[in-house]
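Asker: Dropping a structure here in structure tokens format, bear with me for questions.
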Amino acid sequence: MKTYRIAAIPGDGIGTEVVAAGIEVLNALAGREGGFELQVDHFDWGGEYYKKHGRMMPEDGRDQIRDHDAILFGSAGHPDIPDHITLWGLRLAICQPFDQYANVRPTRVLPGITSPLRHVDGDELDWVIIRENSEGEYAGVGGRVHQGLPLESATDVAMFTRPGVERIMRFAFRVAQSRPRKLLTVVTKSNAQRHAMVMWDEIAAEIAREFPDVTWDRMLVDAMTMRMVTKPKSIDTVVATNLHADILSDLAAALAGSLGIAPTANLNPEHTYPSMFEPIHGSAFDIMGKGVANPIGTFWSSVMLLEHLEENAAASRLMGAIERVTADPDFHTPDLGGNATTDKTTAAVIEAIRGAND
Ligand code: IPM
Ligand code: MG
């Protein structure tokens, strides 16, 4: 029997509710599947921790989770703490030093879910967005001087390295190659941003030669938003910079029916460090404590966690259970227009896991 060590970091807001649901589901799955079990360690890091200790996680926090097999993360964000502090103090403080450079965001219209686009279902809209997750606009390079004076100035420098672009490009081509359509769209803004974005385009063309079976095209990010809305079926795998993909993935989540469903994997593909899995939605303080957070984003992220551990049978059992549950509007939470609670949806997914014969 294999034992996986999972670090659970629920964080703030509805993060605590959905991560608890995710752990319940993962345990049910381990029980149903046999062959592996989970040892879950909980870490109370986040906004409340910051209020007590003046930092989002302990100084040796990363050492505490360094040897875990995976991290299940909820969200970071607190109404009393500036967003850039919660982000840099926890999520990026884990992603960047653990070199989780590939952020993977699958988007699909699941059974029973209605896209705001007319006539669009899972056949039309089935994408994977690959977000560069270690540099670019999130490199943290920049500064601010003369604060409060007329001369006040600030820079946020987007920094791109050749190895950084090569590795995300190679990763994206591999993902595209693994999918039936073998189709990749490389997104940049190389008309206006004439240095780093032109380098992206050049590196894309170089790496493409290693993948002759993948069809690829280039798209400017503004035009890409239109294509996502007007020609969703023409898209399969997408690779973009940290910020561009951040924005495109919110659009993708909305087009697929709800931000509450969308999952993410922050991968260190080499397994040198643990990878981190999280729903895309934030801490959503407006619905916190009401028990109505949609746990599906966390469940789908758990599917990605299991795939990363190469527990593929468990991963596909969980994905099947999710799809059976979303197909029934009785189990839709308010973000999907229903009135199910987090617990009700979670119980339904667990029942679907237990009941599945395949
Ligand atoms: C995301 C989120 C984060 C990001 C926020 C919470 C800082 O929007 O994961 O897409 O921009 O990376
Ligand atoms: Mg985002």
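Order determines the names: the first chain of the structure tokens is A, the second B, and so forth; residues in each chain are numbered 1 upward, and ligands are numbered 1 upward as they are shown.
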Got a sec to check which residues lie within 8 Å of ligand 2, using only C-alpha atoms and all ligand atoms, and send them as a PyMOL selection string?
Answerer: chain A and resi 246-247+249-250+280-281
Asker: May I have the residues within 10 Å of Glu124 in chain A as a ChimeraX atom specification, using only C-alpha atoms and disregarding those fewer than 4 positions away in the same chain?
Answerer: /A:108-109,119-120,231-236
Asker: Using only C-alpha atoms and all ligand atoms, which residues of the polymer chains come no farther than 9 Å from ligand 1? I'd like the answer as a PDB file with all heavy atoms, in the first residue's frame.
Answerer:
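What landed in result10.pdb:
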ATOM      1  N   SER A  75      -7.181  29.143  -0.997  1.00  0.00           N
ATOM      2  CA  SER A  75      -7.024  30.470  -1.602  1.00  0.00           C
ATOM      3  C   SER A  75      -6.324  31.387  -0.606  1.00  0.00           C
ATOM      4  O   SER A  75      -6.317  31.121   0.593  1.00  0.00           O
ATOM      5  CB  SER A  75      -8.391  31.058  -1.957  1.00  0.00           C
ATOM      6  OG  SER A  75      -9.088  31.344  -0.768  1.00  0.00           O
ATOM      7  N   ALA A  76      -5.727  32.438  -1.140  1.00  0.00           N
ATOM      8  CA  ALA A  76      -5.084  33.428  -0.266  1.00  0.00           C
ATOM      9  C   ALA A  76      -5.719  34.775  -0.552  1.00  0.00           C
ATOM     10  O   ALA A  76      -5.871  35.163  -1.708  1.00  0.00           O
ATOM     11  CB  ALA A  76      -3.583  33.482  -0.525  1.00  0.00           C
ATOM     12  N   GLY A  77      -6.104  35.476   0.476  1.00  0.00           N
ATOM     13  CA  GLY A  77      -6.757  36.779   0.295  1.00  0.00           C
ATOM     14  C   GLY A  77      -7.513  37.086   1.570  1.00  0.00           C
ATOM     15  O   GLY A  77      -8.107  36.177   2.152  1.00  0.00           O
ATOM     16  N   ASP A  83      -3.916  42.793  -1.033  1.00  0.00           N
ATOM     17  CA  ASP A  83      -3.819  41.581  -1.847  1.00  0.00           C
ATOM     18  C   ASP A  83      -2.380  41.218  -2.224  1.00  0.00           C
ATOM     19  O   ASP A  83      -2.041  40.045  -2.325  1.00  0.00           O
ATOM     20  CB  ASP A  83      -4.629  41.742  -3.143  1.00  0.00           C
ATOM     21  CG  ASP A  83      -6.125  41.628  -2.882  1.00  0.00           C
ATOM     22  OD1 ASP A  83      -6.502  41.075  -1.823  1.00  0.00           O
ATOM     23  OD2 ASP A  83      -6.913  42.079  -3.733  1.00  0.00           O
ATOM     24  N   HIS A  84      -1.548  42.247  -2.471  1.00  0.00           N
ATOM     25  CA  HIS A  84      -0.193  41.892  -2.891  1.00  0.00           C
ATOM     26  C   HIS A  84       0.594  41.243  -1.750  1.00  0.00           C
ATOM     27  O   HIS A  84       1.505  40.447  -1.985  1.00  0.00           O
ATOM     28  CB  HIS A  84       0.558  43.110  -3.467  1.00  0.00           C
ATOM     29  CG  HIS A  84       0.822  44.202  -2.472  1.00  0.00           C
ATOM     30  ND1 HIS A  84      -0.098  45.180  -2.185  1.00  0.00           N
ATOM     31  CD2 HIS A  84       1.895  44.454  -1.698  1.00  0.00           C
ATOM     32  CE1 HIS A  84       0.409  45.999  -1.274  1.00  0.00           C
ATOM     33  NE2 HIS A  84       1.626  45.571  -0.969  1.00  0.00           N
ATOM     34  N   THR A  86      -0.872  39.192   0.652  1.00  0.00           N
ATOM     35  CA  THR A  86      -1.341  37.806   0.780  1.00  0.00           C
ATOM     36  C   THR A  86      -0.810  36.951  -0.367  1.00  0.00           C
ATOM     37  O   THR A  86      -0.434  35.806  -0.181  1.00  0.00           O
ATOM     38  CB  THR A  86      -2.885  37.723   0.843  1.00  0.00           C
ATOM     39  OG1 THR A  86      -3.436  38.445  -0.252  1.00  0.00           O
ATOM     40  CG2 THR A  86      -3.417  38.268   2.125  1.00  0.00           C
ATOM     41  N   LEU A  87      -0.759  37.543  -1.569  1.00  0.00           N
ATOM     42  CA  LEU A  87      -0.297  36.768  -2.729  1.00  0.00           C
ATOM     43  C   LEU A  87       1.190  36.426  -2.625  1.00  0.00           C
ATOM     44  O   LEU A  87       1.591  35.264  -2.723  1.00  0.00           O
ATOM     45  CB  LEU A  87      -0.551  37.558  -4.019  1.00  0.00           C
ATOM     46  CG  LEU A  87      -0.002  36.900  -5.283  1.00  0.00           C
ATOM     47  CD1 LEU A  87      -0.721  35.595  -5.570  1.00  0.00           C
ATOM     48  CD2 LEU A  87      -0.122  37.818  -6.476  1.00  0.00           C
ATOM     49  N   TRP A  88       2.005  37.464  -2.393  1.00  0.00           N
ATOM     50  CA  TRP A  88       3.465  37.238  -2.366  1.00  0.00           C
ATOM     51  C   TRP A  88       3.890  36.498  -1.117  1.00  0.00           C
ATOM     52  O   TRP A  88       4.917  35.826  -1.104  1.00  0.00           O
ATOM     53  CB  TRP A  88       4.215  38.566  -2.509  1.00  0.00           C
ATOM     54  CG  TRP A  88       4.184  39.057  -3.926  1.00  0.00           C
ATOM     55  CD1 TRP A  88       3.265  39.903  -4.473  1.00  0.00           C
ATOM     56  CD2 TRP A  88       5.062  38.682  -4.995  1.00  0.00           C
ATOM     57  NE1 TRP A  88       3.527  40.078  -5.811  1.00  0.00           N
ATOM     58  CE2 TRP A  88       4.629  39.349  -6.161  1.00  0.00           C
ATOM     59  CE3 TRP A  88       6.187  37.853  -5.070  1.00  0.00           C
ATOM     60  CZ2 TRP A  88       5.264  39.216  -7.386  1.00  0.00           C
ATOM     61  CZ3 TRP A  88       6.826  37.720  -6.305  1.00  0.00           C
ATOM     62  CH2 TRP A  88       6.367  38.395  -7.444  1.00  0.00           C
ATOM     63  N   ARG A  91       1.058  32.256  -1.725  1.00  0.00           N
ATOM     64  CA  ARG A  91       0.966  31.463  -2.951  1.00  0.00           C
ATOM     65  C   ARG A  91       2.250  31.569  -3.777  1.00  0.00           C
ATOM     66  O   ARG A  91       2.860  30.565  -4.126  1.00  0.00           O
ATOM     67  CB  ARG A  91      -0.239  31.905  -3.762  1.00  0.00           C
ATOM     68  CG  ARG A  91      -0.571  30.959  -4.865  1.00  0.00           C
ATOM     69  CD  ARG A  91      -1.960  31.255  -5.416  1.00  0.00           C
ATOM     70  NE  ARG A  91      -2.039  30.814  -6.786  1.00  0.00           N
ATOM     71  CZ  ARG A  91      -1.636  31.530  -7.822  1.00  0.00           C
ATOM     72  NH1 ARG A  91      -1.121  32.728  -7.642  1.00  0.00           N
ATOM     73  NH2 ARG A  91      -1.740  31.050  -9.033  1.00  0.00           N
ATOM     74  N   LEU A  92       2.678  32.805  -4.028  1.00  0.00           N
ATOM     75  CA  LEU A  92       3.907  32.957  -4.809  1.00  0.00           C
ATOM     76  C   LEU A  92       5.135  32.547  -4.011  1.00  0.00           C
ATOM     77  O   LEU A  92       6.141  32.110  -4.582  1.00  0.00           O
ATOM     78  CB  LEU A  92       4.049  34.391  -5.330  1.00  0.00           C
ATOM     79  CG  LEU A  92       3.015  34.794  -6.398  1.00  0.00           C
ATOM     80  CD1 LEU A  92       3.297  36.199  -6.904  1.00  0.00           C
ATOM     81  CD2 LEU A  92       3.001  33.814  -7.569  1.00  0.00           C
ATOM     82  N   ASN A 133       4.495  30.276 -15.195  1.00  0.00           N
ATOM     83  CA  ASN A 133       4.163  30.516 -13.784  1.00  0.00           C
ATOM     84  C   ASN A 133       5.356  30.940 -12.935  1.00  0.00           C
ATOM     85  O   ASN A 133       5.272  30.900 -11.725  1.00  0.00           O
ATOM     86  CB  ASN A 133       3.583  29.199 -13.217  1.00  0.00           C
ATOM     87  CG  ASN A 133       2.558  29.412 -12.130  1.00  0.00           C
ATOM     88  OD1 ASN A 133       1.808  30.386 -12.161  1.00  0.00           O
ATOM     89  ND2 ASN A 133       2.508  28.500 -11.177  1.00  0.00           N
ATOM     90  N   TYR A 138       5.012  38.476 -13.455  1.00  0.00           N
ATOM     91  CA  TYR A 138       4.978  38.145 -12.034  1.00  0.00           C
ATOM     92  C   TYR A 138       6.388  37.927 -11.477  1.00  0.00           C
ATOM     93  O   TYR A 138       6.554  37.325 -10.425  1.00  0.00           O
ATOM     94  CB  TYR A 138       4.145  36.884 -11.789  1.00  0.00           C
ATOM     95  CG  TYR A 138       2.638  37.065 -11.861  1.00  0.00           C
ATOM     96  CD1 TYR A 138       2.028  37.520 -13.024  1.00  0.00           C
ATOM     97  CD2 TYR A 138       1.816  36.757 -10.780  1.00  0.00           C
ATOM     98  CE1 TYR A 138       0.652  37.667 -13.108  1.00  0.00           C
ATOM     99  CE2 TYR A 138       0.435  36.901 -10.853  1.00  0.00           C
ATOM    100  CZ  TYR A 138      -0.137  37.359 -12.018  1.00  0.00           C
ATOM    101  OH  TYR A 138      -1.507  37.486 -12.088  1.00  0.00           O
ATOM    102  N   ASN A 242       2.489  34.674 -17.976  1.00  0.00           N
ATOM    103  CA  ASN A 242       1.852  34.647 -16.666  1.00  0.00           C
ATOM    104  C   ASN A 242       0.597  35.521 -16.611  1.00  0.00           C
ATOM    105  O   ASN A 242      -0.494  35.058 -16.238  1.00  0.00           O
ATOM    106  CB  ASN A 242       2.907  35.152 -15.662  1.00  0.00           C
ATOM    107  CG  ASN A 242       2.838  34.426 -14.347  1.00  0.00           C
ATOM    108  OD1 ASN A 242       1.767  34.023 -13.929  1.00  0.00           O
ATOM    109  ND2 ASN A 242       3.970  34.274 -13.683  1.00  0.00           N
ATOM    110  N   LEU A 243       0.728  36.783 -17.028  1.00  0.00           N
ATOM    111  CA  LEU A 243      -0.404  37.707 -16.921  1.00  0.00           C
ATOM    112  C   LEU A 243      -1.449  37.474 -18.022  1.00  0.00           C
ATOM    113  O   LEU A 243      -2.656  37.483 -17.757  1.00  0.00           O
ATOM    114  CB  LEU A 243       0.098  39.154 -16.973  1.00  0.00           C
ATOM    115  CG  LEU A 243      -0.965  40.234 -16.809  1.00  0.00           C
ATOM    116  CD1 LEU A 243      -1.622  40.153 -15.428  1.00  0.00           C
ATOM    117  CD2 LEU A 243      -0.364  41.623 -16.996  1.00  0.00           C
ATOM    118  N   ALA A 245      -2.151  34.737 -19.561  1.00  0.00           N
ATOM    119  CA  ALA A 245      -2.904  33.510 -19.283  1.00  0.00           C
ATOM    120  C   ALA A 245      -3.779  33.657 -18.052  1.00  0.00           C
ATOM    121  O   ALA A 245      -4.834  33.031 -17.948  1.00  0.00           O
ATOM    122  CB  ALA A 245      -1.946  32.334 -19.120  1.00  0.00           C
ATOM    123  N   ASP A 246      -3.357  34.506 -17.124  1.00  0.00           N
ATOM    124  CA  ASP A 246      -4.197  34.783 -15.956  1.00  0.00           C
ATOM    125  C   ASP A 246      -5.531  35.351 -16.439  1.00  0.00           C
ATOM    126  O   ASP A 246      -6.612  34.913 -16.028  1.00  0.00           O
ATOM    127  CB  ASP A 246      -3.482  35.773 -15.037  1.00  0.00           C
ATOM    128  CG  ASP A 246      -4.366  36.228 -13.898  1.00  0.00           C
ATOM    129  OD1 ASP A 246      -5.055  35.370 -13.316  1.00  0.00           O
ATOM    130  OD2 ASP A 246      -4.379  37.445 -13.592  1.00  0.00           O
ATOM    131  N   ILE A 247      -5.453  36.302 -17.336  1.00  0.00           N
ATOM    132  CA  ILE A 247      -6.660  36.972 -17.823  1.00  0.00           C
ATOM    133  C   ILE A 247      -7.476  36.018 -18.716  1.00  0.00           C
ATOM    134  O   ILE A 247      -8.691  35.874 -18.549  1.00  0.00           O
ATOM    135  CB  ILE A 247      -6.273  38.254 -18.581  1.00  0.00           C
ATOM    136  CG1 ILE A 247      -5.568  39.229 -17.616  1.00  0.00           C
ATOM    137  CG2 ILE A 247      -7.502  38.905 -19.211  1.00  0.00           C
ATOM    138  CD1 ILE A 247      -4.816  40.349 -18.281  1.00  0.00           C
ATOM    139  N   SER A 249      -7.585  32.882 -18.643  1.00  0.00           N
ATOM    140  CA  SER A 249      -8.192  31.753 -17.930  1.00  0.00           C
ATOM    141  C   SER A 249      -9.443  32.162 -17.167  1.00  0.00           C
ATOM    142  O   SER A 249     -10.333  31.345 -16.950  1.00  0.00           O
ATOM    143  CB  SER A 249      -7.178  31.051 -17.033  1.00  0.00           C
ATOM    144  OG  SER A 249      -6.675  31.927 -16.064  1.00  0.00           O
ATOM    145  N   ASP A 250      -9.555  33.425 -16.762  1.00  0.00           N
ATOM    146  CA  ASP A 250     -10.823  33.870 -16.169  1.00  0.00           C
ATOM    147  C   ASP A 250     -11.913  33.900 -17.239  1.00  0.00           C
ATOM    148  O   ASP A 250     -13.057  33.494 -17.004  1.00  0.00           O
ATOM    149  CB  ASP A 250     -10.690  35.269 -15.551  1.00  0.00           C
ATOM    150  CG  ASP A 250     -10.393  35.217 -14.059  1.00  0.00           C
ATOM    151  OD1 ASP A 250      -9.820  34.196 -13.617  1.00  0.00           O
ATOM    152  OD2 ASP A 250     -10.731  36.180 -13.341  1.00  0.00           O
ATOM    153  N   THR A 264      -6.774  24.251 -11.222  1.00  0.00           N
ATOM    154  CA  THR A 264      -5.401  24.585 -11.606  1.00  0.00           C
ATOM    155  C   THR A 264      -4.406  23.618 -11.011  1.00  0.00           C
ATOM    156  O   THR A 264      -4.555  23.185  -9.869  1.00  0.00           O
ATOM    157  CB  THR A 264      -4.938  25.924 -10.991  1.00  0.00           C
ATOM    158  OG1 THR A 264      -5.919  26.875 -11.151  1.00  0.00           O
ATOM    159  CG2 THR A 264      -3.649  26.392 -11.571  1.00  0.00           C
ATOM    160  N   GLU A 278      -5.008  23.748  -6.892  1.00  0.00           N
ATOM    161  CA  GLU A 278      -5.919  24.714  -6.254  1.00  0.00           C
ATOM    162  C   GLU A 278      -7.054  25.076  -7.206  1.00  0.00           C
ATOM    163  O   GLU A 278      -6.880  25.077  -8.420  1.00  0.00           O
ATOM    164  CB  GLU A 278      -5.152  25.995  -5.885  1.00  0.00           C
ATOM    165  CG  GLU A 278      -4.460  26.589  -7.098  1.00  0.00           C
ATOM    166  CD  GLU A 278      -3.871  27.979  -6.914  1.00  0.00           C
ATOM    167  OE1 GLU A 278      -4.228  28.668  -5.957  1.00  0.00           O
ATOM    168  OE2 GLU A 278      -3.069  28.369  -7.769  1.00  0.00           O
ATOM    169  N   PRO A 279      -8.218  25.384  -6.647  1.00  0.00           N
ATOM    170  CA  PRO A 279      -9.264  25.942  -7.512  1.00  0.00           C
ATOM    171  C   PRO A 279      -8.859  27.352  -7.947  1.00  0.00           C
ATOM    172  O   PRO A 279      -8.139  28.031  -7.213  1.00  0.00           O
ATOM    173  CB  PRO A 279     -10.489  25.993  -6.597  1.00  0.00           C
ATOM    174  CG  PRO A 279      -9.923  26.068  -5.203  1.00  0.00           C
ATOM    175  CD  PRO A 279      -8.614  25.319  -5.237  1.00  0.00           C
ATOM    176  N   ILE A 280      -9.335  27.789  -9.119  1.00  0.00           N
ATOM    177  CA  ILE A 280      -8.958  29.130  -9.606  1.00  0.00           C
ATOM    178  C   ILE A 280      -9.648  30.245  -8.819  1.00  0.00           C
ATOM    179  O   ILE A 280      -9.110  31.317  -8.631  1.00  0.00           O
ATOM    180  CB  ILE A 280      -9.298  29.278 -11.116  1.00  0.00           C
ATOM    181  CG1 ILE A 280      -8.336  28.444 -11.961  1.00  0.00           C
ATOM    182  CG2 ILE A 280      -9.209  30.738 -11.559  1.00  0.00           C
ATOM    183  CD1 ILE A 280      -8.435  28.724 -13.454  1.00  0.00           C
ATOM    184  N   HIS A 281     -10.876  29.971  -8.358  1.00  0.00           N
ATOM    185  CA  HIS A 281     -11.616  31.043  -7.665  1.00  0.00           C
ATOM    186  C   HIS A 281     -10.826  31.526  -6.452  1.00  0.00           C
ATOM    187  O   HIS A 281      -9.981  30.811  -5.921  1.00  0.00           O
ATOM    188  CB  HIS A 281     -12.995  30.543  -7.239  1.00  0.00           C
ATOM    189  CG  HIS A 281     -12.956  29.422  -6.227  1.00  0.00           C
ATOM    190  ND1 HIS A 281     -12.548  29.606  -4.934  1.00  0.00           N
ATOM    191  CD2 HIS A 281     -13.267  28.107  -6.338  1.00  0.00           C
ATOM    192  CE1 HIS A 281     -12.622  28.452  -4.291  1.00  0.00           C
ATOM    193  NE2 HIS A 281     -13.030  27.523  -5.118  1.00  0.00           N
ATOM    194  N   GLY A 282     -11.118  32.707  -6.004  1.00  0.00           N
ATOM    195  CA  GLY A 282     -10.393  33.273  -4.861  1.00  0.00           C
ATOM    196  C   GLY A 282     -11.068  32.924  -3.549  1.00  0.00           C
ATOM    197  O   GLY A 282     -11.769  31.907  -3.442  1.00  0.00           O
ATOM    198  N   SER A 283     -10.870  33.798  -2.548  1.00  0.00           N
ATOM    199  CA  SER A 283     -11.392  33.489  -1.214  1.00  0.00           C
ATOM    200  C   SER A 283     -12.873  33.830  -1.058  1.00  0.00           C
ATOM    201  O   SER A 283     -13.507  33.348  -0.126  1.00  0.00           O
ATOM    202  CB  SER A 283     -10.563  34.182  -0.144  1.00  0.00           C
ATOM    203  OG  SER A 283      -9.726  35.165  -0.687  1.00  0.00           O
TER     204      SER A 283
END
Asker: Run DSSP on the backbone and give me the residues of range 21-200 of chain A it puts in helix (DSSP H, G or I), as a PyMOL selection string.
Answerer: chain A and resi 21-33+47-53+61-65+83-95+162-178+196-200
Asker: My list of candidates is A:Arg218, A:Glu152, A:Trp127, A:Leu318. Which is closest to Leu248 in chain A when distances are computed with only C-alpha atoms?
Answerer: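 For Leu248 in chain A, the nearest of the candidates is A:Trp127.
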Asker: So that each row is one residue of range 66-169 of chain A with an atom at most 9 Å from range 7-30 of chain A, can you give its shortest atom pair and the distance in Å to one decimal, using only C-alpha atoms, rows by chain and rising number, as CSV?
Answerer:
residue,atom,partner,partner_atom,distance
A:His68,CA,A:Ala7,CA,6.3
A:Asp69,CA,A:Ala7,CA,8.0
A:Ala70,CA,A:Ala7,CA,6.4
A:Ile71,CA,A:Ala7,CA,4.7
A:Leu72,CA,A:Ala8,CA,4.9
A:Phe73,CA,A:Ile9,CA,4.8
A:Gly74,CA,A:Gly15,CA,3.9
A:Ser75,CA,A:Gly15,CA,4.9
A:Ala76,CA,A:Gly11,CA,5.3
A:Gly77,CA,A:Asp12,CA,6.0
A:His78,CA,A:Asp12,CA,6.6
A:Leu90,CA,A:Gly11,CA,8.7
Asker: If you take only C-alpha atoms and a cut-off of 12 Å, which residues of range 263-296 of chain A touch range 48-66 of chain A, and what are their nearest atom pairs and distances in Å to one decimal, in chain and number order, as JSON lines?
Answerer:
{"residue": "A:His271", "atom": "CA", "partner": "A:Arg66", "partner_atom": "CA", "distance": 11.2}
{"residue": "A:Thr272", "atom": "CA", "partner": "A:Arg66", "partner_atom": "CA", "distance": 9.6}
{"residue": "A:Tyr273", "atom": "CA", "partner": "A:Arg66", "partner_atom": "CA", "distance": 6.6}
{"residue": "A:Pro274", "atom": "CA", "partner": "A:Arg66", "partner_atom": "CA", "distance": 6.6}
{"residue": "A:Ser275", "atom": "CA", "partner": "A:Arg66", "partner_atom": "CA", "distance": 9.9}
{"residue": "A:Met276", "atom": "CA", "partner": "A:Ile65", "partner_atom": "CA", "distance": 10.7}
Asker: Could you please determine the separation between CA of Ser134 in chain A and CA of Asp201 in chain A in Å, to one decimal place?
Answerer: 18.4 Å
Asker: Taking only C-alpha atoms into account, which of A:Thr215, A:Leu305, A:Arg118, A:Val292 comes nearest Ile6 in chain A?
Answerer: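 Ranked by minimum distance to Ile6 in chain A, first place goes to A:Leu305.
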Asker: Please identify all polymer residues within 6 Å of range 33-39 of chain A, counting only C-alpha atoms, omitting same-chain residues fewer than 2 positions from it, and present them as a list in words.
Answerer: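 These residues fall inside the cut-off: Met1, Lys2, Thr3, Tyr4, Arg5, Leu29, Ala30 and Gly31 of chain A.
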Asker: For the residues selected in the previous step, produce a file with N, CA and C atoms as an mmCIF file, in the first residue's frame.
Answerer:
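Result saved to out-v4.cif:
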data_model
loop_
_atom_site.group_PDB
_atom_site.id
_atom_site.type_symbol
_atom_site.label_atom_id
_atom_site.label_comp_id
_atom_site.auth_asym_id
_atom_site.auth_seq_id
_atom_site.Cartn_x
_atom_site.Cartn_y
_atom_site.Cartn_z
ATOM 1 N N MET A 1 0.856 -1.207 0.000
ATOM 2 C CA MET A 1 0.000 0.000 0.000
ATOM 3 C C MET A 1 0.883 1.245 0.000
ATOM 4 N N LYS A 2 0.649 2.100 -1.010
ATOM 5 C CA LYS A 2 1.408 3.345 -1.074
ATOM 6 C C LYS A 2 0.771 4.390 -0.166
ATOM 7 N N THR A 3 1.587 5.177 0.507
ATOM 8 C CA THR A 3 1.052 6.293 1.294
ATOM 9 C C THR A 3 1.577 7.594 0.707
ATOM 10 N N TYR A 4 0.657 8.475 0.328
ATOM 11 C CA TYR A 4 1.053 9.789 -0.171
ATOM 12 C C TYR A 4 0.879 10.805 0.937
ATOM 13 N N ARG A 5 1.879 11.657 1.081
ATOM 14 C CA ARG A 5 1.767 12.740 2.064
ATOM 15 C C ARG A 5 1.258 13.992 1.358
ATOM 16 N N LEU A 29 -12.050 8.294 -2.106
ATOM 17 C CA LEU A 29 -11.498 7.708 -3.318
ATOM 18 C C LEU A 29 -10.412 6.683 -2.992
ATOM 19 N N ALA A 30 -9.539 7.039 -2.041
ATOM 20 C CA ALA A 30 -8.473 6.106 -1.634
ATOM 21 C C ALA A 30 -9.108 4.824 -1.097
ATOM 22 N N GLY A 31 -10.180 4.986 -0.303
ATOM 23 C CA GLY A 31 -10.880 3.825 0.252
ATOM 24 C C GLY A 31 -11.485 2.975 -0.840
#
Asker: Rank A:Ser178, A:Arg32, A:Ala223, A:Ala256 by their smallest atom-to-atom distance to Asp123 in chain A, using only C-alpha atoms, and report the top residue only.
Answerer: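 Among the listed residues, the smallest separation from Asp123 in chain A belongs to A:Ala256.
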Asker: Given the choices A:Val187, A:Met199, A:Ile94, A:Ala252, which gets closest to Asp222 in chain A if the distance is worked out from only C-alpha atoms?
Answerer: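 Counting only C-alpha atoms, the residue closest to Asp222 in chain A is A:Val187.
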Asker: Pick out each residue of range 66-185 of chain A that DSSP on the backbone tags as strand (DSSP E or B); I need them as number ranges by chain.
Answerer: A: 70-75, 78, 81, 102-108, 126-132, 136-145, 153-159, 183-185
Asker: Take CA of Glu210 in chain A and CA of Val165 in chain A and report the distance between them in Å, one decimal.
Answerer: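 Between these atoms lies a distance of 14.9 Å.
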Asker: I want to know what sits within 12 Å of Ala327 in chain A, based on only C-alpha atoms, with residues of the same chain fewer than 3 positions away left out; could you give that as a PyMOL selection string?
Answerer: chain A and resi 109-114+320-324+330-332+336+345+348-349+352
Asker: So that I have them on file, write out the residues from the current selection with N, CA, C and O atoms, as a short mmCIF file (atom, residue, chain, number, x, y, z; two decimals), in the first residue's frame.
Answerer:
data_model
loop_
_atom_site.label_atom_id
_atom_site.label_comp_id
_atom_site.auth_asym_id
_atom_site.auth_seq_id
_atom_site.Cartn_x
_atom_site.Cartn_y
_atom_site.Cartn_z
N VAL A 109 -16.79 22.53 -20.85
CA VAL A 109 -18.17 22.67 -20.39
C VAL A 109 -18.60 21.29 -19.91
O VAL A 109 -18.75 20.36 -20.71
N LEU A 110 -18.75 21.13 -18.60
CA LEU A 110 -19.08 19.81 -18.04
C LEU A 110 -20.55 19.49 -18.29
O LEU A 110 -21.37 20.41 -18.49
N PRO A 111 -20.92 18.20 -18.25
CA PRO A 111 -22.32 17.83 -18.44
C PRO A 111 -23.23 18.59 -17.46
O PRO A 111 -22.87 18.77 -16.29
N GLY A 112 -24.36 19.05 -17.92
CA GLY A 112 -25.33 19.74 -17.06
C GLY A 112 -25.03 21.21 -16.85
O GLY A 112 -25.82 21.93 -16.24
N ILE A 113 -23.89 21.69 -17.32
CA ILE A 113 -23.51 23.09 -17.11
C ILE A 113 -23.79 23.87 -18.39
O ILE A 113 -23.52 23.39 -19.49
N THR A 114 -24.34 25.07 -18.22
CA THR A 114 -24.67 25.88 -19.38
C THR A 114 -23.63 26.96 -19.60
O THR A 114 -23.36 27.75 -18.70
N GLY A 320 -15.12 11.08 -13.49
CA GLY A 320 -16.43 10.50 -13.84
C GLY A 320 -17.49 10.87 -12.81
O GLY A 320 -18.62 11.23 -13.14
N ALA A 321 -17.11 10.79 -11.52
CA ALA A 321 -18.06 11.12 -10.45
C ALA A 321 -18.46 12.60 -10.53
O ALA A 321 -19.63 12.95 -10.39
N ILE A 322 -17.49 13.46 -10.79
CA ILE A 322 -17.78 14.90 -10.92
C ILE A 322 -18.79 15.12 -12.05
O ILE A 322 -19.78 15.84 -11.89
N GLU A 323 -18.55 14.48 -13.18
CA GLU A 323 -19.43 14.70 -14.33
C GLU A 323 -20.83 14.15 -14.09
O GLU A 323 -21.82 14.74 -14.53
N ARG A 324 -20.93 13.03 -13.36
CA ARG A 324 -22.27 12.52 -13.05
C ARG A 324 -23.01 13.50 -12.16
O ARG A 324 -24.21 13.69 -12.29
N ASP A 330 -29.83 19.43 -9.53
CA ASP A 330 -30.12 19.37 -8.09
C ASP A 330 -28.88 19.61 -7.25
O ASP A 330 -28.97 20.02 -6.10
N PHE A 331 -27.74 19.31 -7.84
CA PHE A 331 -26.48 19.44 -7.10
C PHE A 331 -25.69 20.68 -7.50
O PHE A 331 -24.51 20.79 -7.22
N HIS A 332 -26.36 21.61 -8.17
CA HIS A 332 -25.66 22.85 -8.56
C HIS A 332 -25.71 23.86 -7.41
O HIS A 332 -26.77 24.15 -6.87
N LEU A 336 -23.92 28.39 -9.99
CA LEU A 336 -24.41 27.74 -11.22
C LEU A 336 -25.92 27.92 -11.35
O LEU A 336 -26.55 27.27 -12.18
N THR A 345 -23.35 18.77 -2.49
CA THR A 345 -22.60 18.42 -3.70
C THR A 345 -21.47 17.44 -3.37
O THR A 345 -21.22 16.48 -4.11
N ALA A 348 -22.81 13.99 -2.81
CA ALA A 348 -23.21 13.37 -4.08
C ALA A 348 -21.98 12.83 -4.82
O ALA A 348 -22.02 11.74 -5.40
N VAL A 349 -20.88 13.58 -4.78
CA VAL A 349 -19.66 13.11 -5.46
C VAL A 349 -19.13 11.86 -4.76
O VAL A 349 -18.74 10.88 -5.41
N ALA A 352 -21.22 8.98 -5.75
CA ALA A 352 -20.90 8.57 -7.12
C ALA A 352 -19.58 7.78 -7.16
O ALA A 352 -19.44 6.84 -7.93
#
